[in-house]
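Printed here is input-v3.cif (mmCIF, C-alpha atoms):
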```
data_input
#
loop_
_atom_site.label_atom_id
_atom_site.label_comp_id
_atom_site.auth_asym_id
_atom_site.auth_seq_id
_atom_site.Cartn_x
_atom_site.Cartn_y
_atom_site.Cartn_z
CA MET A 1 -32.39 -31.52 -71.82
CA LYS A 2 -30.41 -34.75 -71.77
CA LYS A 3 -27.19 -32.82 -72.45
CA LEU A 4 -27.92 -30.47 -69.53
CA LYS A 5 -28.61 -33.45 -67.26
CA ASN A 6 -25.30 -35.07 -68.24
CA SER A 7 -23.49 -31.77 -67.66
CA LEU A 8 -25.01 -31.50 -64.19
CA ILE A 9 -23.93 -35.04 -63.35
CA VAL A 10 -20.38 -34.37 -64.55
CA PHE A 11 -20.27 -31.08 -62.64
CA SER A 12 -21.56 -32.79 -59.48
CA LEU A 13 -18.96 -35.54 -59.76
CA PHE A 14 -16.24 -32.93 -60.29
CA GLN A 15 -17.37 -31.00 -57.20
CA LEU A 16 -17.45 -34.22 -55.19
CA ALA A 17 -13.93 -35.15 -56.30
CA LEU A 18 -12.68 -31.63 -55.54
CA SER A 19 -14.23 -31.65 -52.04
CA GLN A 20 -12.81 -35.14 -51.44
CA ASN A 21 -9.37 -33.82 -52.44
CA ASN A 22 -9.75 -30.91 -49.98
CA ILE A 23 -10.77 -33.30 -47.21
CA THR A 24 -7.76 -35.48 -47.98
CA LYS A 25 -5.43 -32.44 -47.91
CA GLU A 26 -6.91 -31.22 -44.63
CA SER A 27 -6.49 -34.63 -43.02
CA LEU A 28 -2.87 -34.76 -44.25
CA ILE A 29 -2.22 -31.27 -42.85
CA SER A 30 -3.74 -32.28 -39.51
CA GLU A 31 -1.69 -35.49 -39.42
CA LEU A 32 1.52 -33.59 -40.20
CA GLU A 33 0.81 -30.98 -37.53
CA ASN A 34 0.36 -33.79 -34.98
CA SER A 35 3.58 -35.52 -36.12
CA LEU A 36 5.95 -32.54 -36.06
CA MET A 37 7.32 -30.76 -33.01
CA ALA A 38 7.08 -26.97 -32.74
CA PRO A 39 10.69 -25.72 -33.12
CA CYS A 40 10.12 -22.52 -31.14
CA CYS A 41 10.24 -24.27 -27.77
CA TRP A 42 10.28 -28.05 -28.51
CA THR A 43 7.62 -28.73 -25.86
CA GLY A 44 4.72 -29.81 -28.04
CA THR A 45 3.55 -30.59 -31.52
CA VAL A 46 2.63 -27.91 -34.03
CA SER A 47 -1.09 -28.54 -33.51
CA ASP A 48 -0.72 -28.34 -29.71
CA HIS A 49 1.48 -25.28 -29.69
CA GLY A 50 -0.05 -23.33 -32.57
CA ASN A 51 3.04 -22.26 -34.48
CA PRO A 52 1.66 -20.14 -37.39
CA GLU A 53 4.89 -20.21 -39.44
CA MET A 54 5.10 -24.00 -39.35
CA GLU A 55 1.38 -24.35 -40.07
CA GLU A 56 1.73 -22.09 -43.11
CA LYS A 57 4.80 -23.98 -44.38
CA ILE A 58 3.03 -27.34 -43.95
CA ARG A 59 -0.04 -26.01 -45.77
CA SER A 60 2.07 -24.65 -48.65
CA LEU A 61 3.99 -27.95 -49.03
CA VAL A 62 0.73 -29.93 -49.07
CA ASN A 63 -0.73 -27.55 -51.66
CA GLU A 64 2.36 -28.19 -53.79
CA ASP A 65 1.26 -31.86 -53.76
CA LYS A 66 4.28 -33.05 -51.78
CA SER A 67 3.91 -36.45 -50.17
CA LYS A 68 4.00 -37.01 -46.42
CA ASP A 69 7.51 -38.48 -46.61
CA GLU A 70 8.77 -35.58 -48.73
CA ILE A 71 7.43 -33.10 -46.17
CA PHE A 72 9.00 -35.05 -43.30
CA ASP A 73 12.31 -35.13 -45.21
CA TYR A 74 12.11 -31.36 -45.74
CA PHE A 75 11.61 -30.59 -42.05
CA VAL A 76 14.23 -33.15 -40.96
CA GLY A 77 16.66 -31.49 -43.38
CA VAL A 78 15.96 -28.08 -41.83
CA TYR A 79 15.67 -28.95 -38.12
CA GLY A 80 17.12 -32.46 -37.78
CA GLU A 81 15.40 -35.58 -36.45
CA ARG A 82 14.39 -33.72 -33.31
CA ILE A 83 11.48 -32.23 -35.28
CA LEU A 84 9.75 -35.63 -35.45
CA ALA A 85 7.29 -36.22 -32.60
CA ILE A 86 7.68 -39.98 -33.05
CA PRO A 87 11.32 -41.04 -33.46
CA VAL A 88 12.33 -43.21 -36.38
CA ALA A 89 12.94 -46.80 -35.22
CA SER A 90 16.49 -47.21 -36.53
CA GLY A 91 20.00 -46.83 -35.18
CA PHE A 92 20.31 -45.38 -31.69
CA ASN A 93 16.63 -44.33 -31.77
CA LEU A 94 15.79 -48.02 -31.63
CA MET A 95 16.63 -47.81 -27.90
CA VAL A 96 13.59 -45.56 -27.44
CA TRP A 97 11.42 -48.45 -28.59
CA ILE A 98 13.31 -51.31 -26.90
CA ALA A 99 14.29 -49.76 -23.55
CA PRO A 100 10.75 -49.53 -22.09
CA ILE A 101 10.12 -53.20 -22.86
CA PHE A 102 13.45 -54.18 -21.30
CA VAL A 103 12.81 -52.07 -18.18
CA LEU A 104 9.30 -53.53 -17.83
CA CYS A 105 10.60 -57.12 -18.08
CA PHE A 106 13.47 -56.44 -15.66
CA GLY A 107 11.15 -54.72 -13.16
CA THR A 108 8.66 -57.59 -13.35
CA PHE A 109 11.47 -60.09 -12.73
CA ILE A 110 12.65 -58.17 -9.65
CA LEU A 111 9.09 -57.79 -8.31
CA ILE A 112 8.33 -61.50 -8.70
CA ASN A 113 11.56 -62.49 -6.95
CA TYR A 114 10.89 -60.00 -4.13
CA LEU A 115 7.39 -61.36 -3.60
CA LYS A 116 8.68 -64.95 -3.60
CA VAL A 117 11.25 -64.15 -0.91
CA LYS A 118 8.81 -62.09 1.16
CA ASN A 119 6.08 -64.75 1.11
CA LYS A 120 8.43 -67.67 1.67
CA PRO A 121 7.55 -69.43 4.92
CA LYS A 122 10.22 -68.88 7.53
CA GLN A 123 11.81 -71.98 8.93
CA LYS A 124 12.01 -72.15 12.67
CA VAL A 125 15.42 -72.87 14.04
CA LYS A 126 15.36 -75.82 16.38
CA SER A 127 17.58 -75.38 19.32
CA SER A 128 18.52 -78.10 21.67
CA ASP A 129 19.69 -77.43 25.17
CA GLU A 130 22.76 -79.57 24.71
CA LYS A 131 24.24 -77.32 22.04
CA ILE A 132 24.23 -74.13 24.11
CA PRO A 133 27.39 -73.82 26.19
CA TYR A 134 26.92 -73.13 29.91
CA ASN A 135 23.15 -73.64 29.57
CA ASP A 136 22.83 -75.10 33.05
CA LEU A 137 24.69 -72.18 34.58
CA ILE A 138 22.49 -69.65 32.75
CA GLU A 139 19.33 -71.42 33.91
CA LYS A 140 20.51 -71.39 37.53
CA GLU A 141 21.27 -67.65 37.41
CA LEU A 142 17.90 -66.89 35.83
CA LYS A 143 16.09 -68.82 38.55
CA ALA A 144 18.11 -67.00 41.18
CA LEU A 145 16.99 -63.64 39.78
CA GLU A 146 13.33 -64.60 40.09
#
```
Output the file's structure as structure tokens, nothing else.
Amino acid sequence: MKKLKNSLIVFSLFQLALSQNNITKESLISELENSLMAPCCWTGTVSDHGNPEMEEKIRSLVNEDKSKDEIFDYFVGVYGERILAIPVASGFNLMVWIAPIFVLCFGTFILINYLKVKNKPKQKVKSSDEKIPYNDLIEKELKALE
């Protein structure tokens, strides 16, 4: 009886470990499908587009116990870096990460300066009658027109 009980416990733990392994593989497959672009049209990820060939290849590589990096390296070797939904932050691709921050800072700077100039109180120009040439003559003609 005790031996049967121990066997059941071992079997239960084995089943639990096996199901945990399947859950881990499924989550890895899902993560990979969300991280790789569909090469048939390059408009969405594999999970969005539903590319059966890519899904099958990802599933087979995961079942071969390849790591996430090894699978990424495989697809990059076949299709190039364009296959990655999120570009690697190195080399020229670093601009993809830096450019939005630069554009946001530059746009904020321009907006702040524009608002400062627009809201700046306008100074009234003081004019004195002495500085205008022929002021007396102009005043006489204006009165004559009235």
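Coordinates place atom CA of Met95 of chain A at a distance of 25.2 Å from atom CA of Ile71 of chain A.
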List the neighbours of Asn34 of chain A out to 9 Å using all atoms listed in the file; skip same-chain residues closer than 2 positions along the sequence, and give me the result as a PyMOL selection string.
-> chain A and resi 29-32+36-37+45-48+85
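In this structure, atom CA of Asp65 of chain A sits 21.1 Å away from atom CA of Ile83 of chain A.
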Find the residue from A:Pro39, A:Pro121, A:Gly107, A:Pro133 that sits nearest to Glu55 of chain A; use all atoms listed in the file when measuring.
-> A:Pro39
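Compared by their closest atoms to Lys25 of chain A, and using only C-alpha atoms, the residues A:Ile101, A:Leu94, A:Leu137, A:Ile58 rank with A:Ile58 nearest.
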Find the smallest box with edges along x, y and z containing every listed atom of segment 23-32 of chain A, then add 3 Å on each side and report centre and edge lengths in Å to one decimal, as AutoDock Vina command-line options.
```
--center_x -4.6 --center_y -33.4 --center_z -43.7 --size_x 18.3 --size_y 10.3 --size_z 14.6
```
